[in-house]
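These notes are about the structure you will find just below.
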Amino acid sequence: DRNNNGQIDTSSDANGDGIVDVNDPNEFKGQADECVLYSMAVGANNTYPRALTLDGKGNAYVGTYVDQKAIKIDVSQSPPKLLKTINLPATPYGFVARGDYLYSSALGQPVMRVDLTNDTVKTMNAPGNYGITVDQNGIAWYGGSGLQRCDFNVGGNCEPKGGGGMSGVAIDAEGQVWACSGNTVYKFDNTGKQLGTAVAGNAYGVAIGHDGHPRVVGYYDAYRIDSGPVGGPPGAV
């Protein structure tokens, strides 16, 4: 309650039309929104911050797409502190931090793994890459021209694992891979073997819920999919 008016002022749909109008100060509070802890500018103008992840150590990594940089920010303090900038060889689109590595999709360009101990970068070819997830063994999986399995310790071309053109991907606690493709959600085991599919209209993004079951967002609807047995097909939507 920064203005001490006895309430938390935050952006809302004041007129009930289903839209928070950014041009209406009664609806959009901007920097005065008291549910926003802080904000900071990242990167140069018009470089489009797109990739974002947390490392579990109090740091965020933001990828600026146009100028191909990964920016490390200490978010454990307020305001946050910019720690360093890493130059990348491709356009960062999505980030995952795991251990001492930062993994990146690149929207069709070579995918990347940054060694955060020395800022060196390895690349691999993952055709049409878009979504990204990383399993407990440090293997990166990308949605793109089908599912792509990428072992950066091997390098070269990622292993295609089939499926249609894919967007969002996620790893569950058993190491199984879930991937969205049009009206279909695929389930793969940790070798990339397809275990089955579920129907979810215009499926685009997927994440694993606290209960272990995938949540899928489409263009118009959201879905919960029963994960099904380990090593078996998915259950009901």
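Naming works like this for the structure tokens: A, B, ... for the chains as they're shown, residue 1 at the start of each chain, ligands 1 onward in shown order.
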Strand (DSSP E) residues, from DSSP on the backbone, in segment 1-142 of chain A, as a PyMOL selection string: chain A and resi 49-54+59-64+69-74+81-87+94-98+101-105+111-115+120-125+132-134+140-142
Would you write out, as CSV, a table of all residues in segment 123-213 of chain A that have an atom no more than 12 Å from an atom of segment 220-232 of chain A, listing for each the closest atom pair and the distance in Å to one decimal, considering only C-alpha atoms and ordering rows by chain and rising residue number?
residue,atom,partner,partner_atom,distance
A:Ile171,CA,A:Ser227,CA,11.6
A:Asp172,CA,A:Ser227,CA,9.1
A:Ala173,CA,A:Val230,CA,10.1
A:Glu174,CA,A:Val230,CA,7.2
A:Gly175,CA,A:Val230,CA,9.5
A:Gln176,CA,A:Gly231,CA,8.0
A:Val177,CA,A:Gly231,CA,10.8
A:Trp178,CA,A:Ser227,CA,9.6
A:Cys180,CA,A:Tyr223,CA,11.9
A:Asn183,CA,A:Asp221,CA,11.4
A:Thr184,CA,A:Ile225,CA,11.5
A:Val185,CA,A:Ile225,CA,9.1
A:Tyr186,CA,A:Ser227,CA,11.0
A:Lys187,CA,A:Gly232,CA,8.6
A:Phe188,CA,A:Gly231,CA,8.2
A:Asp189,CA,A:Gly231,CA,6.3
A:Asn190,CA,A:Gly231,CA,9.2
A:Thr191,CA,A:Gly231,CA,10.9
A:Gly192,CA,A:Gly231,CA,11.3
A:Lys193,CA,A:Gly231,CA,9.4
A:Gln194,CA,A:Gly232,CA,9.3
A:Leu195,CA,A:Gly232,CA,5.6
A:Gly196,CA,A:Gly232,CA,7.2
A:Thr197,CA,A:Gly232,CA,10.2
A:Ala198,CA,A:Ile225,CA,7.8
A:Val199,CA,A:Ile225,CA,9.3
A:Ala200,CA,A:Tyr223,CA,7.0
A:Gly201,CA,A:Asp221,CA,7.5
A:Asn202,CA,A:Tyr220,CA,7.6
A:Ala203,CA,A:Ala222,CA,8.4
A:Tyr204,CA,A:Ala222,CA,9.8
A:Gly205,CA,A:Ala222,CA,9.4
A:Val206,CA,A:Tyr223,CA,9.3
A:Ala207,CA,A:Arg224,CA,9.9
A:Ile208,CA,A:Ser227,CA,9.3
A:Gly209,CA,A:Arg224,CA,8.8
A:His210,CA,A:Arg224,CA,11.8
A:Asp211,CA,A:Ser227,CA,9.7
A:Gly212,CA,A:Ser227,CA,7.1
A:His213,CA,A:Ser227,CA,5.0
Surrounding residues of Val134 of chain A excluding itself and chain neighbours under 6 positions, 7 Å, only C-alpha atoms, as a ChimeraX atom specification: /A:96,140-141
Nearest to Asp119 of chain A by atom-to-atom distance, counting only C-alpha atoms, from A:Asp100, A:Glu34, A:Glu159, A:Asp135: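 Under the stated criterion, the closest residue is A:Asp100.
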Length of the atom CA of Gln7 of chain A to atom CA of Asp33 of chain A vector [Å]: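 Interatomic distance, atom CA of Gln7 of chain A to atom CA of Asp33 of chain A: 11.5 Å.
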Coordinates-based distance that separates atom CA of Lys84 of chain A from atom CA of Val111 of chain A (Å, one decimal): 21.1 Å
Compile the contact shell of Ser167 of chain A as a compact mmCIF listing (two decimals) with N, CA, C and O atoms, in the first residue's frame: residues with an atom at most 8 Å away, counting only C-alpha atoms, same-chain residues fewer than 2 positions apart removed.
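Now in selection.txt:
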# COMPACT_ATOMS: atom_id res chain seq x y z
N TYR A 130 11.42 -24.26 -31.20
CA TYR A 130 10.54 -23.24 -30.62
C TYR A 130 10.50 -23.41 -29.10
O TYR A 130 11.12 -22.67 -28.37
N GLY A 131 9.77 -24.41 -28.60
CA GLY A 131 9.69 -24.67 -27.17
C GLY A 131 10.92 -25.41 -26.67
O GLY A 131 11.63 -26.06 -27.44
N GLY A 143 10.63 -28.48 -28.98
CA GLY A 143 9.54 -28.60 -29.92
C GLY A 143 9.90 -27.82 -31.17
O GLY A 143 10.44 -26.72 -31.09
N GLY A 144 9.63 -28.38 -32.31
CA GLY A 144 9.96 -27.72 -33.57
C GLY A 144 9.40 -28.55 -34.71
O GLY A 144 8.20 -28.83 -34.76
N GLY A 165 4.56 -30.65 -36.27
CA GLY A 165 5.18 -29.39 -35.88
C GLY A 165 4.78 -29.03 -34.46
O GLY A 165 3.60 -28.97 -34.13
N VAL A 169 6.85 -27.64 -24.87
CA VAL A 169 7.27 -28.95 -24.38
C VAL A 169 7.52 -28.86 -22.88
O VAL A 169 7.81 -27.78 -22.35
N ALA A 179 4.49 -32.77 -25.33
CA ALA A 179 4.69 -31.79 -26.40
C ALA A 179 3.37 -31.46 -27.08
O ALA A 179 2.54 -32.34 -27.32
N CYS A 180 3.19 -30.17 -27.40
CA CYS A 180 1.97 -29.69 -28.05
C CYS A 180 2.17 -29.60 -29.55
O CYS A 180 3.20 -29.10 -30.03
N SER A 181 1.15 -30.05 -30.30
CA SER A 181 1.20 -29.99 -31.76
C SER A 181 -0.22 -29.87 -32.30
O SER A 181 -0.94 -30.86 -32.39
N TYR A 204 -0.94 -25.32 -27.36
CA TYR A 204 0.20 -24.45 -27.66
C TYR A 204 1.29 -24.53 -26.60
O TYR A 204 2.47 -24.63 -26.91
N GLY A 205 0.90 -24.46 -25.32
CA GLY A 205 1.86 -24.52 -24.23
C GLY A 205 1.49 -25.60 -23.25
O GLY A 205 0.31 -25.93 -23.06
